[in-house]
Every structure is written in structure tokens, then in C-alpha cells.
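Colleague: Sharing input_27.tsv (TSV, C-alpha atoms and all ligand atoms) below.
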chain	number	residue	atom	x	y	z
A	1	MET	CA	134.38	1.53	-83.42
A	2	ALA	CA	136.07	1.43	-80.05
A	3	LYS	CA	134.42	3.19	-77.16
A	4	TYR	CA	136.36	4.57	-74.21
A	5	LYS	CA	135.55	4.21	-70.54
A	6	LEU	CA	136.30	7.19	-68.36
A	7	GLU	CA	135.95	6.53	-64.64
A	8	TYR	CA	135.19	9.89	-62.99
A	9	ILE	CA	136.35	9.67	-59.37
A	10	TRP	CA	135.65	12.08	-56.51
A	11	LEU	CA	135.47	12.35	-52.73
A	12	ASP	CA	132.08	12.32	-51.01
A	13	GLY	CA	130.86	14.42	-48.08
A	14	TYR	CA	131.31	11.89	-45.27
A	15	THR	CA	133.28	13.07	-42.23
A	16	PRO	CA	135.77	12.74	-40.70
A	17	VAL	CA	136.95	10.58	-43.62
A	18	PRO	CA	135.59	11.01	-47.14
A	19	ASN	CA	134.91	7.92	-49.27
A	20	LEU	CA	136.03	7.52	-52.85
A	21	ARG	CA	133.18	7.42	-55.38
A	22	GLY	CA	133.28	6.74	-59.10
A	23	LYS	CA	131.05	6.32	-62.12
A	24	THR	CA	131.77	5.60	-65.75
A	25	ARG	CA	131.29	7.92	-68.66
A	26	ILE	CA	131.49	6.45	-72.18
A	27	ALA	CA	133.28	8.51	-74.82
A	28	SER	CA	133.80	7.96	-78.56
A	29	GLU	CA	137.35	9.27	-78.52
A	30	ALA	CA	140.26	8.65	-76.21
A	31	PRO	CA	141.02	11.73	-74.11
A	32	LYS	CA	144.48	13.10	-74.91
A	33	SER	CA	144.50	15.54	-72.05
A	34	LEU	CA	142.25	16.97	-69.33
A	35	GLU	CA	140.73	19.37	-71.87
A	36	ASP	CA	139.08	16.34	-73.51
A	37	CYS	CA	137.26	15.50	-70.25
A	38	PRO	CA	134.11	17.60	-69.87
A	39	MET	CA	132.56	18.48	-66.53
A	40	TRP	CA	129.89	16.06	-65.36
A	41	GLY	CA	127.20	15.91	-62.67
A	42	PHE	CA	126.06	13.52	-59.96
A	43	ASP	CA	123.39	13.17	-57.30
A	44	GLY	CA	124.87	14.85	-54.25
A	45	SER	CA	121.96	13.79	-52.04
A	46	SER	CA	123.33	10.22	-52.12
A	47	THR	CA	126.84	11.26	-51.05
A	48	LYS	CA	126.10	13.73	-48.21
A	49	GLN	CA	126.85	16.62	-50.53
A	50	ALA	CA	123.36	18.04	-51.20
A	51	GLU	CA	119.71	18.02	-50.14
A	52	GLY	CA	117.24	15.97	-52.19
A	53	LYS	CA	115.39	19.08	-53.39
A	54	SER	CA	118.42	20.48	-55.15
A	55	SER	CA	120.73	17.55	-55.52
A	56	ASP	CA	123.03	18.34	-58.44
A	57	CYS	CA	126.75	18.64	-57.83
A	58	MET	CA	129.36	19.09	-60.51
A	59	LEU	CA	132.53	17.11	-61.21
A	60	LYS	CA	135.48	19.11	-62.47
A	61	PRO	CA	138.27	16.90	-63.90
A	62	VAL	CA	141.69	17.77	-62.46
A	63	ALA	CA	143.93	14.80	-63.32
A	64	LEU	CA	143.84	12.09	-66.02
A	65	TYR	CA	145.40	8.60	-65.85
A	66	PRO	CA	145.42	5.54	-68.14
A	67	ASP	CA	143.51	2.66	-66.50
A	68	GLY	CA	145.52	-0.56	-66.84
A	69	ALA	CA	142.70	-2.65	-65.37
A	70	ARG	CA	140.18	-1.81	-68.07
A	71	GLU	CA	140.26	-2.09	-71.83
A	72	ASN	CA	140.16	1.42	-73.33
A	73	GLY	CA	139.91	2.77	-69.81
A	74	PHE	CA	140.92	6.05	-68.17
A	75	LEU	CA	140.74	7.31	-64.61
A	76	VAL	CA	139.71	10.92	-64.09
A	77	MET	CA	140.27	12.53	-60.69
A	78	CYS	CA	137.68	15.25	-60.06
A	79	GLU	CA	136.95	18.10	-57.69
A	80	VAL	CA	133.37	18.55	-56.51
A	81	MET	CA	131.86	21.93	-57.44
A	82	MET	CA	128.54	23.63	-56.66
A	83	PRO	CA	125.84	23.58	-59.39
A	84	ASP	CA	127.28	26.81	-60.86
A	85	GLY	CA	130.36	24.77	-61.77
A	86	GLU	CA	132.67	27.48	-60.41
A	87	THR	CA	132.30	27.54	-56.64
A	88	PRO	CA	134.10	24.73	-54.81
A	89	HIS	CA	131.77	22.55	-52.73
A	90	PRO	CA	132.48	22.80	-48.95
A	91	SER	CA	133.73	19.18	-49.03
A	92	ASN	CA	136.31	20.13	-51.67
A	93	HIS	CA	139.56	20.45	-49.71
A	94	ARG	CA	141.70	20.32	-52.84
A	95	ALA	CA	140.43	23.81	-53.59
A	96	THR	CA	142.09	25.05	-50.36
A	97	ILE	CA	145.60	24.14	-51.55
A	98	GLU	CA	147.66	27.10	-52.66
A	99	ASP	CA	148.89	26.59	-56.22
A	100	ASP	CA	152.68	26.34	-56.25
A	101	PRO	CA	154.43	24.31	-58.96
A	102	ASP	CA	157.70	24.55	-57.00
A	103	THR	CA	156.42	22.83	-53.85
A	104	TRP	CA	157.24	19.12	-53.77
A	105	PHE	CA	155.55	16.46	-51.65
A	106	GLY	CA	156.41	12.82	-50.92
A	107	LEU	CA	153.78	10.74	-49.09
A	108	GLU	CA	154.46	7.35	-47.50
A	109	GLN	CA	151.17	5.46	-47.27
A	110	GLU	CA	150.94	2.59	-44.78
A	111	TYR	CA	147.89	0.30	-44.70
A	112	PHE	CA	146.69	-3.16	-43.72
A	113	LEU	CA	145.12	-5.76	-46.01
A	114	PHE	CA	142.15	-7.44	-44.28
A	115	LYS	CA	140.19	-10.59	-44.98
A	116	ASN	CA	137.18	-11.47	-42.82
A	117	ARG	CA	138.00	-8.52	-40.57
A	118	ARG	CA	141.47	-9.85	-39.78
A	119	PRO	CA	144.79	-8.86	-41.35
A	120	LEU	CA	145.89	-11.21	-44.12
A	121	GLY	CA	148.03	-13.97	-42.67
A	122	TRP	CA	146.78	-13.65	-39.09
A	123	PRO	CA	145.26	-16.74	-37.48
A	124	SER	CA	141.52	-16.75	-38.26
A	125	ASP	CA	138.94	-15.83	-35.59
A	126	PHE	CA	141.20	-15.13	-32.63
A	127	GLY	CA	144.79	-15.14	-31.50
A	128	PHE	CA	147.79	-13.27	-32.80
A	129	PRO	CA	150.67	-14.16	-35.10
A	130	SER	CA	154.25	-14.10	-33.80
A	131	PRO	CA	155.23	-10.71	-32.37
A	132	GLN	CA	156.63	-7.97	-34.60
A	133	GLY	CA	160.23	-8.33	-35.63
A	134	GLU	CA	160.73	-10.18	-38.91
A	135	TYR	CA	157.82	-8.82	-40.93
A	136	TYR	CA	159.29	-5.43	-41.89
A	137	THR	CA	160.78	-5.81	-45.40
A	138	GLY	CA	160.48	-9.57	-44.83
A	139	VAL	CA	160.30	-12.43	-47.25
A	140	GLY	CA	158.78	-15.91	-47.10
A	141	TYR	CA	155.29	-17.28	-46.58
A	142	ALA	CA	155.52	-17.12	-42.78
A	143	ASN	CA	156.31	-13.40	-42.94
A	144	VAL	CA	154.22	-12.07	-45.81
A	145	GLY	CA	151.80	-14.81	-46.79
A	146	ASN	CA	150.92	-15.32	-50.46
A	147	ILE	CA	147.92	-13.28	-51.62
A	148	ALA	CA	149.30	-10.12	-50.05
A	149	ARG	CA	152.39	-9.95	-52.23
A	150	GLN	CA	150.31	-10.69	-55.32
A	151	ILE	CA	148.01	-7.76	-54.55
A	152	VAL	CA	150.87	-5.42	-53.73
A	153	GLU	CA	152.70	-6.28	-56.98
A	154	GLU	CA	149.56	-5.88	-59.11
A	155	HIS	CA	148.86	-2.56	-57.43
A	156	LEU	CA	152.38	-1.34	-58.15
A	157	ASN	CA	152.07	-2.29	-61.82
A	158	LEU	CA	148.69	-0.55	-62.18
A	159	CYS	CA	150.02	2.62	-60.55
A	160	LEU	CA	153.12	2.70	-62.74
A	161	HIS	CA	150.92	2.12	-65.79
A	162	ALA	CA	148.80	5.08	-64.71
A	163	GLY	CA	151.91	7.26	-64.58
A	164	ILE	CA	151.81	7.64	-60.80
A	165	ASN	CA	155.31	8.30	-59.56
A	166	HIS	CA	155.76	5.51	-57.03
A	167	GLU	CA	159.16	5.70	-55.39
A	168	GLY	CA	158.98	2.32	-53.68
A	169	ILE	CA	157.00	-0.29	-51.79
A	170	ASN	CA	157.78	-2.43	-48.73
A	171	ALA	CA	156.28	-4.86	-46.25
A	172	GLU	CA	155.80	-3.06	-42.92
A	173	VAL	CA	156.44	-3.75	-39.24
A	174	ALA	CA	153.13	-5.49	-38.44
A	175	LYS	CA	152.07	-8.67	-40.22
A	176	GLY	CA	149.64	-7.81	-43.02
A	177	GLN	CA	150.84	-4.18	-43.13
A	178	TRP	CA	152.35	-2.62	-46.26
A	179	GLU	CA	153.59	0.71	-47.56
A	180	PHE	CA	154.00	2.56	-50.82
A	181	GLN	CA	155.60	5.94	-51.40
A	182	ILE	CA	154.61	8.55	-53.97
A	183	PHE	CA	156.58	11.66	-54.88
A	184	ALA	CA	155.43	14.51	-57.09
A	185	LYS	CA	156.32	18.10	-57.91
A	186	GLY	CA	153.64	20.78	-57.62
A	187	SER	CA	151.34	21.41	-54.68
A	188	TYR	CA	148.43	19.28	-55.98
A	189	SER	CA	149.91	16.31	-57.80
A	190	CYS	CA	151.11	14.13	-54.95
A	191	ALA	CA	147.70	14.32	-53.23
A	192	ASP	CA	145.86	13.64	-56.52
A	193	ASP	CA	148.09	10.64	-57.18
A	194	MET	CA	147.64	9.36	-53.62
A	195	TRP	CA	143.84	9.37	-53.85
A	196	MET	CA	144.07	7.66	-57.25
A	197	ALA	CA	146.50	5.04	-55.89
A	198	ARG	CA	144.07	4.38	-53.01
A	199	TYR	CA	141.22	3.98	-55.50
A	200	ILE	CA	143.24	1.56	-57.64
A	201	LEU	CA	144.14	-0.52	-54.57
A	202	MET	CA	140.59	-0.73	-53.23
A	203	ARG	CA	139.18	-1.69	-56.61
A	204	LEU	CA	141.89	-4.28	-57.17
A	205	CYS	CA	141.20	-5.91	-53.78
A	206	GLU	CA	137.54	-6.53	-54.65
A	207	LYS	CA	138.34	-9.63	-56.70
A	208	TYR	CA	140.42	-11.09	-53.84
A	209	GLU	CA	137.59	-10.50	-51.34
A	210	VAL	CA	140.11	-8.41	-49.43
A	211	ASP	CA	139.54	-4.98	-47.86
A	212	VAL	CA	142.07	-2.23	-47.33
A	213	GLU	CA	142.08	-1.15	-43.69
A	214	TRP	CA	143.18	2.48	-43.67
A	215	HIS	CA	142.56	3.07	-39.95
A	216	CYS	CA	145.68	4.30	-38.14
A	217	LYS	CA	145.46	1.80	-35.28
A	218	PRO	CA	143.38	-1.26	-36.15
A	219	PHE	CA	144.89	-3.12	-33.17
A	220	LEU	CA	145.79	-1.84	-29.74
A	221	GLY	CA	148.77	-3.41	-28.04
A	222	ASP	CA	152.28	-3.92	-29.30
A	223	TRP	CA	151.48	-3.49	-32.99
A	224	ASN	CA	152.64	-0.55	-35.09
A	225	GLY	CA	149.94	1.79	-36.29
A	226	SER	CA	149.73	3.12	-39.84
A	227	GLY	CA	150.96	6.55	-40.80
A	228	MET	CA	151.30	8.61	-43.91
A	229	HIS	CA	154.51	10.57	-43.35
A	230	CYS	CA	154.53	13.75	-45.40
A	231	ASN	CA	157.88	14.88	-46.83
A	232	PHE	CA	157.81	18.42	-48.15
A	233	SER	CA	159.98	21.15	-49.58
A	234	THR	CA	159.45	24.53	-51.17
A	235	LYS	CA	161.83	26.15	-53.63
A	236	TYR	CA	163.03	28.44	-50.82
A	237	MET	CA	163.71	25.49	-48.50
A	238	ARG	CA	165.70	23.71	-51.21
A	239	GLU	CA	167.66	26.68	-52.55
A	240	VAL	CA	168.03	29.21	-49.73
A	241	GLY	CA	167.05	27.65	-46.39
A	242	GLY	CA	169.47	28.34	-43.53
A	243	GLU	CA	169.31	27.74	-39.81
A	244	ALA	CA	167.50	30.98	-38.93
A	245	TYR	CA	164.74	30.28	-41.46
A	246	PHE	CA	164.48	26.65	-40.29
A	247	ARG	CA	164.02	27.74	-36.66
A	248	LYS	CA	161.29	30.20	-37.65
A	249	LEU	CA	159.63	27.43	-39.65
A	250	MET	CA	159.63	25.10	-36.65
A	251	ASP	CA	158.21	27.89	-34.45
A	252	ALA	CA	155.32	28.20	-36.92
A	253	PHE	CA	154.72	24.44	-36.87
A	254	GLU	CA	154.67	24.57	-33.06
A	255	LYS	CA	152.26	27.51	-33.09
A	256	PHE	CA	149.81	25.72	-35.42
A	257	LYS	CA	150.26	22.31	-33.79
A	258	ASP	CA	146.53	21.81	-33.12
A	259	GLU	CA	145.50	22.89	-36.62
A	260	HIS	CA	147.93	20.36	-38.03
A	261	ILE	CA	146.62	17.52	-35.86
A	262	ALA	CA	143.06	18.43	-36.93
A	263	ALA	CA	144.06	17.94	-40.57
A	264	TYR	CA	146.14	14.79	-40.07
A	265	GLY	CA	143.48	12.07	-39.87
A	266	PRO	CA	141.01	10.76	-37.27
A	267	GLU	CA	141.77	9.00	-33.99
A	268	ASN	CA	145.43	9.88	-34.28
A	269	GLU	CA	145.65	9.88	-30.46
A	270	LEU	CA	145.58	6.08	-30.66
A	271	ARG	CA	148.71	6.13	-32.81
A	272	LEU	CA	150.70	9.18	-31.66
A	273	THR	CA	151.53	7.81	-28.23
A	274	GLY	CA	155.26	8.44	-27.97
A	275	PHE	CA	155.87	4.74	-28.68
A	276	HIS	CA	156.27	2.80	-31.95
A	277	GLU	CA	158.40	5.50	-33.60
A	278	THR	CA	155.98	8.37	-32.88
A	279	GLN	CA	155.85	11.55	-30.82
A	280	SER	CA	152.82	11.87	-28.52
A	281	ILE	CA	149.89	13.84	-29.92
A	282	ASP	CA	150.04	16.73	-27.45
A	283	LYS	CA	153.73	17.50	-28.00
A	284	PHE	CA	155.56	19.10	-30.88
A	285	SER	CA	159.22	18.34	-31.44
A	286	TRP	CA	161.76	18.13	-34.21
A	287	GLY	CA	164.94	16.12	-34.30
A	288	VAL	CA	167.76	15.20	-36.65
A	289	GLY	CA	167.18	11.65	-37.84
A	290	ASP	CA	164.76	11.23	-34.92
A	291	ARG	CA	161.86	8.89	-35.66
A	292	GLY	CA	160.33	9.73	-32.29
A	293	ALA	CA	159.92	13.40	-33.25
A	294	SER	CA	156.91	15.12	-34.83
A	295	ILE	CA	159.19	16.39	-37.60
A	296	ARG	CA	162.25	14.42	-38.61
A	297	VAL	CA	165.07	16.48	-40.08
A	298	PRO	CA	167.11	14.34	-42.50
A	299	HIS	CA	170.87	14.33	-41.84
A	300	SER	CA	171.36	15.60	-45.40
A	301	PHE	CA	169.35	18.73	-44.52
A	302	ILE	CA	171.86	19.82	-41.85
A	303	LYS	CA	174.85	18.78	-43.94
A	304	ASN	CA	173.61	20.96	-46.82
A	305	GLY	CA	173.36	24.05	-44.62
A	306	TYR	CA	169.72	23.59	-43.49
A	307	LYS	CA	168.51	23.13	-47.05
A	308	GLY	CA	166.28	20.42	-48.49
A	309	TYR	CA	163.10	18.65	-47.34
A	310	LEU	CA	161.56	17.87	-43.96
A	311	GLU	CA	159.42	14.92	-42.88
A	312	ASP	CA	156.25	15.50	-40.87
A	313	ARG	CA	155.64	12.10	-39.24
A	314	ARG	CA	152.23	12.90	-37.72
A	315	PRO	CA	149.77	12.50	-40.62
A	316	ASN	CA	148.03	9.13	-40.38
A	317	SER	CA	147.12	6.49	-42.90
A	318	GLN	CA	143.47	7.58	-43.06
A	319	GLY	CA	144.24	11.27	-43.43
A	320	ASP	CA	143.12	13.20	-46.50
A	321	PRO	CA	146.24	14.13	-48.49
A	322	TYR	CA	144.50	17.30	-49.72
A	323	GLN	CA	143.97	18.54	-46.17
A	324	ILE	CA	147.47	17.47	-45.11
A	325	CYS	CA	149.32	19.18	-47.99
A	326	SER	CA	147.08	22.24	-47.74
A	327	ARG	CA	147.80	22.69	-44.01
A	328	ILE	CA	151.55	22.22	-44.37
A	329	LEU	CA	151.84	24.72	-47.20
A	330	ARG	CA	149.69	27.21	-45.31
A	331	THR	CA	151.94	27.06	-42.26
A	332	VAL	CA	155.11	27.28	-44.36
A	333	ASN	CA	153.68	30.36	-46.09
A	334	THR	CA	153.19	32.18	-42.77
A	335	VAL	CA	156.98	32.33	-42.41
A	336	PRO	CA	158.56	35.33	-44.14
A	337	THR	CA	161.40	34.66	-46.56
A	338	GLU	CA	164.07	37.32	-47.01
A	401	LIG	P1	161.75	7.01	-44.52
A	401	LIG	O1	163.04	6.62	-43.89
A	401	LIG	O2	161.01	8.04	-43.74
A	401	LIG	O3	160.90	5.87	-44.95
A	401	LIG	P2	162.21	7.52	-47.33
A	401	LIG	O4	163.57	7.87	-47.86
A	401	LIG	O5	161.61	6.20	-47.64
A	401	LIG	O6	162.24	7.83	-45.79
A	401	LIG	O7	161.16	8.61	-47.82
A	401	LIG	C1	161.50	9.91	-47.98
A	401	LIG	C2	160.62	10.48	-49.06
A	401	LIG	O8	160.91	11.88	-49.15
A	401	LIG	C3	160.89	9.97	-50.45
A	401	LIG	O9	160.07	8.87	-50.75
A	401	LIG	C4	160.50	11.16	-51.32
A	401	LIG	O10	159.16	10.98	-51.77
A	401	LIG	C5	160.50	12.35	-50.40
A	401	LIG	N1	161.41	13.38	-50.84
A	401	LIG	C6	162.70	13.26	-51.21
A	401	LIG	N2	163.22	14.45	-51.55
A	401	LIG	C7	162.23	15.37	-51.39
A	401	LIG	C8	162.12	16.77	-51.57
A	401	LIG	N3	163.17	17.52	-51.96
A	401	LIG	N4	160.94	17.37	-51.31
A	401	LIG	C9	159.90	16.66	-50.88
A	401	LIG	N5	159.93	15.33	-50.69
A	401	LIG	C10	161.07	14.68	-50.94
A	402	MN	MN	159.05	4.93	-45.53
A	403	MN	MN	156.83	2.97	-42.96
A	404	MN	MN	159.01	8.16	-43.26
Please render this file's structure as C-alpha cells.
Modeller:
Amino acid sequence: MAKYKLEYIWLDGYTPVPNLRGKTRIASEAPKSLEDCPMWGFDGSSTKQAEGKSSDCMLKPVALYPDGARENGFLVMCEVMMPDGETPHPSNHRATIEDDPDTWFGLEQEYFLFKNRRPLGWPSDFGFPSPQGEYYTGVGYANVGNIARQIVEEHLNLCLHAGINHEGINAEVAKGQWEFQIFAKGSYSCADDMWMARYILMRLCEKYEVDVEWHCKPFLGDWNGSGMHCNFSTKYMREVGGEAYFRKLMDAFEKFKDEHIAAYGPENELRLTGFHETQSIDKFSWGVGDRGASIRVPHSFIKNGYKGYLEDRRPNSQGDPYQICSRILRTVNTVPTE
């Protein structure tokens, strides 16, 4: 009789960036939905989530995915709960997101693939490849190497198999840098899918002896950093909107500028410099089609009477999508709608 492998995945208590953790639970029947995935426990004293004396933490399944890399496998995204099973653990930022099925998020994850502490395709040990220019959306061994594309393609297939709503992938501006985009409706799903896509990528890279470098600025100098632009819209923004509401929204984003930066990933001052298509970290600005602004307003937004989605360009590649989506929705919800 077939047995099923359920990989329970959660975020640990490390700061400023949590690590992904996972362990396998064997089941006799394939889970058809989340209801078929019971809560489970783990030793929180090994993940900076508990003291040794009272080390139990609970895993509460929140999203279920087929696992294309494992026979009879499933991936189960979990929230970490206190031993009572009901109180969210302090490290559980997903629990801070306001539930709103009509909020939509699109996240654009940039990252580097590293081998022996150097980006794939860079000269080994020292030195730099040719300057940036032809790598972005490039083709050919000189631009993208060989193993990189293989990994990126396998990752895409595994994510699509899992039902993650990838919208696209592309080679990025620096050599060895890549991007994928995920879109989802509902205030939790895009962030759940992003953490799962990160897990799938890191696990896939193990067999290639490659690491994913999530840091937002692995190299100083004239090399693009890595961001995770967050595109967002609420039902009100899509269906009512208007210039007056938009201006109030931008005032709120300006007011909570520091709270946003605090949620947008570590060492972002290295990346948000005002160069390389970024606004500097201590300024807030918005602009139509402006890639040097904190928030880019798509041309379509203005054309449709200030309705649609906005792009916050500040979140970085290492940021926690739960904290990012939570902060954005919180700020949006401070603005009254008529
Ligand atoms: P960029 O030029 O910044 O790379 P893209 O068009 O690649 O822009 O990405 C924009 C993203 O915006 C899309 O991938 C999608 O996920 C997201 N998006 C599109 N429409 C909406 C919407 N109504 N609400 C939220 N996000 C959206
Ligand atoms: Mn993009
Ligand atoms: Mn990009
Ligand atoms: Mn973008």
C-alpha cells in the first residue's frame, strides 16, 4: 500500500531573516485538502522558538501543494503556534495579516545563484565578468551560463506542478541574477506561495551544489541589487479609486515610511541608494512609470481614472513576504474609503 510523504514547512525564529525548516510526516492516505493535514509539533529550542525546558511548538497547516520532486509527496506550509495550538507564536508574522480575500498581491522575487561563494558564471576566485548590459533577459552561454538555466527551468516546472501561480521568469541585470513573479488573490496566498517557491528552489539547488543568495546586495559597485517589488490592490483601489483617494493613500505611505522600511528586509540601505532603479532609503516618492520612485504608479492606473494596482519597489529580495504584505495592507487600511 502506498504511503504519502507530507513535508511540513515553517519559518524559524532567527532574526532579522527567518530560515525555512521542514520535516516529513508519513500518512497512509493522500491529503485531499488542508483538513486532511493534522497539526504537528516540533522542538522549538532548536529553532530559536522556545527554551529547552518547555520546547514544544505547534505547526498549523495553512496551505497544501503537490510535491513534484517526490513520489507521493506533498508540501504543507505551516504557521507556528504556541503549545496551546491557538495562540500565534511571536515569530508568526503570517498571523498579523488582515484576512481579505479581495486584496491581491504580485511579488517579483530577484535572487542570485551562487557556487563556491561566487555567482554562477563569474570567473572563479577573483575578478568580475563583463559589466552589466547584455545579461538582462539575455540568451547564450556567455550571458546566462548553462547550469543556471537548467535550475531555473526545473524550478518553474516544480512550482507550476505545485499549483503556484507563477506569472513569469527572466534573467536579470547582473550575471547570475534571476527573477520569478507570483500573483495571487487573497491577502495570504501570494506570501504563502512565495515562501513555498523559495523552499522548492533551495531544495532543488542542493543537488547542483548551488546556493541561492537572497541578500539584497551581494556585491557593492556597479551591480544591481536584488529586490522583491510588491504589487498590490484592494477591491476599493480596483473598483472605486480616484485621485483624491490615491493622494490620501500616498500620504499614509509617506507617514509610515519608517515602518515600511523596517518590514522590507535587512540591509536595504545598501540597495536603496537612488541608483540602479531605486529611490534612496530615507526618501519617499511616487511617480508614474518611474522606476526611481519608492512607489511606481503604472500608466494604466492613471488612464483608468486612478484605479488599479500600485507597485512598491522598496521590499528587498530577503524580505519576509508575510511582513511585507501585512505592513502594506495595514497602511492601506488606515485610509478611509467613502
Ligand atoms: P515590472 O515592470 O515591474 O517588472 P511586471 O508587469 O513584470 O512589472 O509585474 C507587475 C506585476 O503586478 C505582475 O506580475 C502581477 O503579479 C502584478 N499585478 C498585476 N495586476 C495586479 C493587481 N490588480 N493587483 C495586484 N497585483 C497585480
Ligand atoms: Mn519584474
Ligand atoms: Mn526585476
Ligand atoms: Mn517591478
Colleague: Could you jot down the atom CA of A:Phe246 to atom CA of A:Gln318 separation for me, Å, one decimal place?
Modeller: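 Answer for the atom CA of A:Phe246 to atom CA of A:Gln318 separation: 28.5 Å.
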Colleague: Counting only C-alpha atoms and all ligand atoms, name the residues that have an atom within 10 Å of an atom of ligand MN 403 (chain A); the answer should be given as a PyMOL selection string.
Modeller: chain A and resi 108-111+136-137+169-173+177-181+224-229+277+313
Colleague: Could you produce a table of the residues of chain A lying within 9 Å of ligand LIG 401 (chain A), with the nearest pair of atoms per residue and their separation in Å rounded to one decimal, using only C-alpha atoms and all ligand atoms, ordered by chain and increasing residue number, as CSV?
Modeller:
residue,atom,partner,partner_atom,distance
A:Thr103,CA,A:LIG401,N4,7.5
A:Trp104,CA,A:LIG401,C9,4.6
A:Phe105,CA,A:LIG401,C9,4.4
A:Gly106,CA,A:LIG401,O10,3.4
A:Leu107,CA,A:LIG401,O10,6.0
A:Glu108,CA,A:LIG401,O9,6.7
A:His166,CA,A:LIG401,O10,8.3
A:Glu167,CA,A:LIG401,O9,5.7
A:Gly168,CA,A:LIG401,O9,7.3
A:Ile169,CA,A:LIG401,O5,9.0
A:Phe180,CA,A:LIG401,O9,8.8
A:Gln181,CA,A:LIG401,O9,5.4
A:Ile182,CA,A:LIG401,O10,5.6
A:Phe183,CA,A:LIG401,O10,4.1
A:Ala184,CA,A:LIG401,O10,7.4
A:Lys185,CA,A:LIG401,C9,8.0
A:His229,CA,A:LIG401,O2,7.0
A:Cys230,CA,A:LIG401,O8,7.6
A:Asn231,CA,A:LIG401,N5,4.4
A:Phe232,CA,A:LIG401,C9,3.9
A:Ser233,CA,A:LIG401,N4,4.3
A:Thr234,CA,A:LIG401,N4,7.3
A:Lys235,CA,A:LIG401,N3,8.9
A:Met237,CA,A:LIG401,N3,8.7
A:Arg238,CA,A:LIG401,N3,6.7
A:Gly289,CA,A:LIG401,O1,8.9
A:Arg291,CA,A:LIG401,O2,8.2
A:Arg296,CA,A:LIG401,O2,8.3
A:Pro298,CA,A:LIG401,O6,8.8
A:Gly308,CA,A:LIG401,N3,5.5
A:Tyr309,CA,A:LIG401,N4,4.7
A:Leu310,CA,A:LIG401,C9,7.2
A:Glu311,CA,A:LIG401,O2,7.1
A:Arg313,CA,A:LIG401,O2,8.1
Colleague: Quote the spacing between atom CA of A:Cys57 and atom CA of A:Tyr8 in Å to one decimal place.
Modeller: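 Going from atom CA of A:Cys57 over to atom CA of A:Tyr8, I get 13.2 Å.
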Colleague: What are the centre and edge lengths in Å, to one decimal, of the axis-aligned box around all listed atoms of stretch 77-82 of chain A with 3 Å added on each side, as JSON?
Modeller:
{"center_x": 134.4, "center_y": 18.1, "center_z": -58.6, "size_x": 17.7, "size_y": 17.1, "size_z": 10.2}
Colleague: Which value, in Å to one decimal, gives the distance between atom CA of A:Glu98 and atom CA of A:Cys325?
Modeller: 9.3 Å
Colleague: I need the residue nearest ligand MN 402 (chain A) from this list: A:Arg118, A:Tyr188, A:Asp312, A:Val288. Use only C-alpha atoms and all ligand atoms for the distance.
Modeller: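 Selected residue with least distance to ligand MN 402 (chain A): A:Asp312.
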Colleague: Contacts of A:Ile164 at 7 Å or less, counting all atoms listed in the file, minus same-chain residues fewer than 4 places along, as a list in words?
Modeller: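 Contacts, in chain order: Cys159, Leu160 and Asp193 of chain A.
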Colleague: Tell me which of A:Ile261, A:Leu201, A:Val210, A:Ile295 sits closest to A:Ile281, counting all atoms listed in the file.
Modeller: A:Ile261
Colleague: Which of these, A:Ala142, A:Ala174, A:Ile147, A:Ala63, has the shortest distance to A:Tyr208 once you count all atoms listed in the file?
Modeller: A:Ile147
Colleague: Which residue gives the smallest distance to A:Met1 among A:Trp214, A:Thr96, A:Pro61, A:Ala30, with only C-alpha atoms counted?
Modeller: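 Going through A:Trp214, A:Thr96, A:Pro61, A:Ala30 one by one, the smallest distance to A:Met1 is for A:Ala30.
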Colleague: Of the residues A:Leu204, A:Met250, A:Tyr14, A:Asn72, which is the one nearest to A:Ser46, using all atoms listed in the file?
Modeller: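 Closest to A:Ser46 of all the choices is A:Tyr14.
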Colleague: Quick one: everything within 9 Å of A:Gln323, counting only C-alpha atoms, minus sequence neighbours fewer than 3 positions away in the same chain. Send it as a list in words.
Modeller: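 The residues that qualify are His93, Arg94, Thr96, Ile97, Ala263, Tyr264, Gly319, Asp320, Ser326, Arg327 and Ile328 of chain A.
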Colleague: Compare A:Gly265, A:Pro38, A:Pro336, A:Gly305 by their minimum atom-to-atom distance to A:Ser317, counting all atoms listed in the file, and give me the closest one.
Modeller: A:Gly265
Colleague: Might you pull out every residue within 9 Å of stretch 253-255 of chain A, with all atoms listed in the file counted and same-chain residues fewer than 6 positions away left off, and present them as a short mmCIF file (atom, residue, chain, number, x, y, z; two decimals) with C-alpha atoms, in the frame of the given file?
Modeller:
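Below you can see around_33.cif, which holds the result:
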data_model
loop_
_atom_site.label_atom_id
_atom_site.label_comp_id
_atom_site.auth_asym_id
_atom_site.auth_seq_id
_atom_site.Cartn_x
_atom_site.Cartn_y
_atom_site.Cartn_z
CA LYS A 283 153.73 17.50 -28.00
CA PHE A 284 155.56 19.10 -30.88
CA SER A 285 159.22 18.34 -31.44
CA ILE A 328 151.55 22.22 -44.37
CA THR A 331 151.94 27.06 -42.26
CA VAL A 332 155.11 27.28 -44.36
#
Colleague: Hey, can you pull every residue with an atom no more than 10 Å from (130.3, 17.2, -49.6), using all atoms listed in the file, and send it as a PyMOL selection string?
Modeller: chain A and resi 11-15+18+44-45+47-50+57+80-82+88-93
Colleague: Using C-alpha atoms, can you export the residues from the last selection as a compact mmCIF listing (two decimals), in the frame of the given file?
Modeller:
# COMPACT_ATOMS: atom_id res chain seq x y z
CA LEU A 11 135.47 12.35 -52.73
CA ASP A 12 132.08 12.32 -51.01
CA GLY A 13 130.86 14.42 -48.08
CA TYR A 14 131.31 11.89 -45.27
CA THR A 15 133.28 13.07 -42.23
CA PRO A 18 135.59 11.01 -47.14
CA GLY A 44 124.87 14.85 -54.25
CA SER A 45 121.96 13.79 -52.04
CA THR A 47 126.84 11.26 -51.05
CA LYS A 48 126.10 13.73 -48.21
CA GLN A 49 126.85 16.62 -50.53
CA ALA A 50 123.36 18.04 -51.20
CA CYS A 57 126.75 18.64 -57.83
CA VAL A 80 133.37 18.55 -56.51
CA MET A 81 131.86 21.93 -57.44
CA MET A 82 128.54 23.63 -56.66
CA PRO A 88 134.10 24.73 -54.81
CA HIS A 89 131.77 22.55 -52.73
CA PRO A 90 132.48 22.80 -48.95
CA SER A 91 133.73 19.18 -49.03
CA ASN A 92 136.31 20.13 -51.67
CA HIS A 93 139.56 20.45 -49.71
Colleague: Contacts of A:Trp223 at 9 Å or less, counting only C-alpha atoms, minus same-chain residues fewer than 2 places along, as a PyMOL selection string?
Modeller: chain A and resi 131-132+173-175+217-221+225+276
Colleague: Hey, can you pull every residue with an atom no more than 12 Å from (149.3, -13.9, -47.3), using all atoms listed in the file, and send it as a PyMOL selection string?
Modeller: chain A and resi 112-115+118-123+135+139-152+171+175-178+208+210
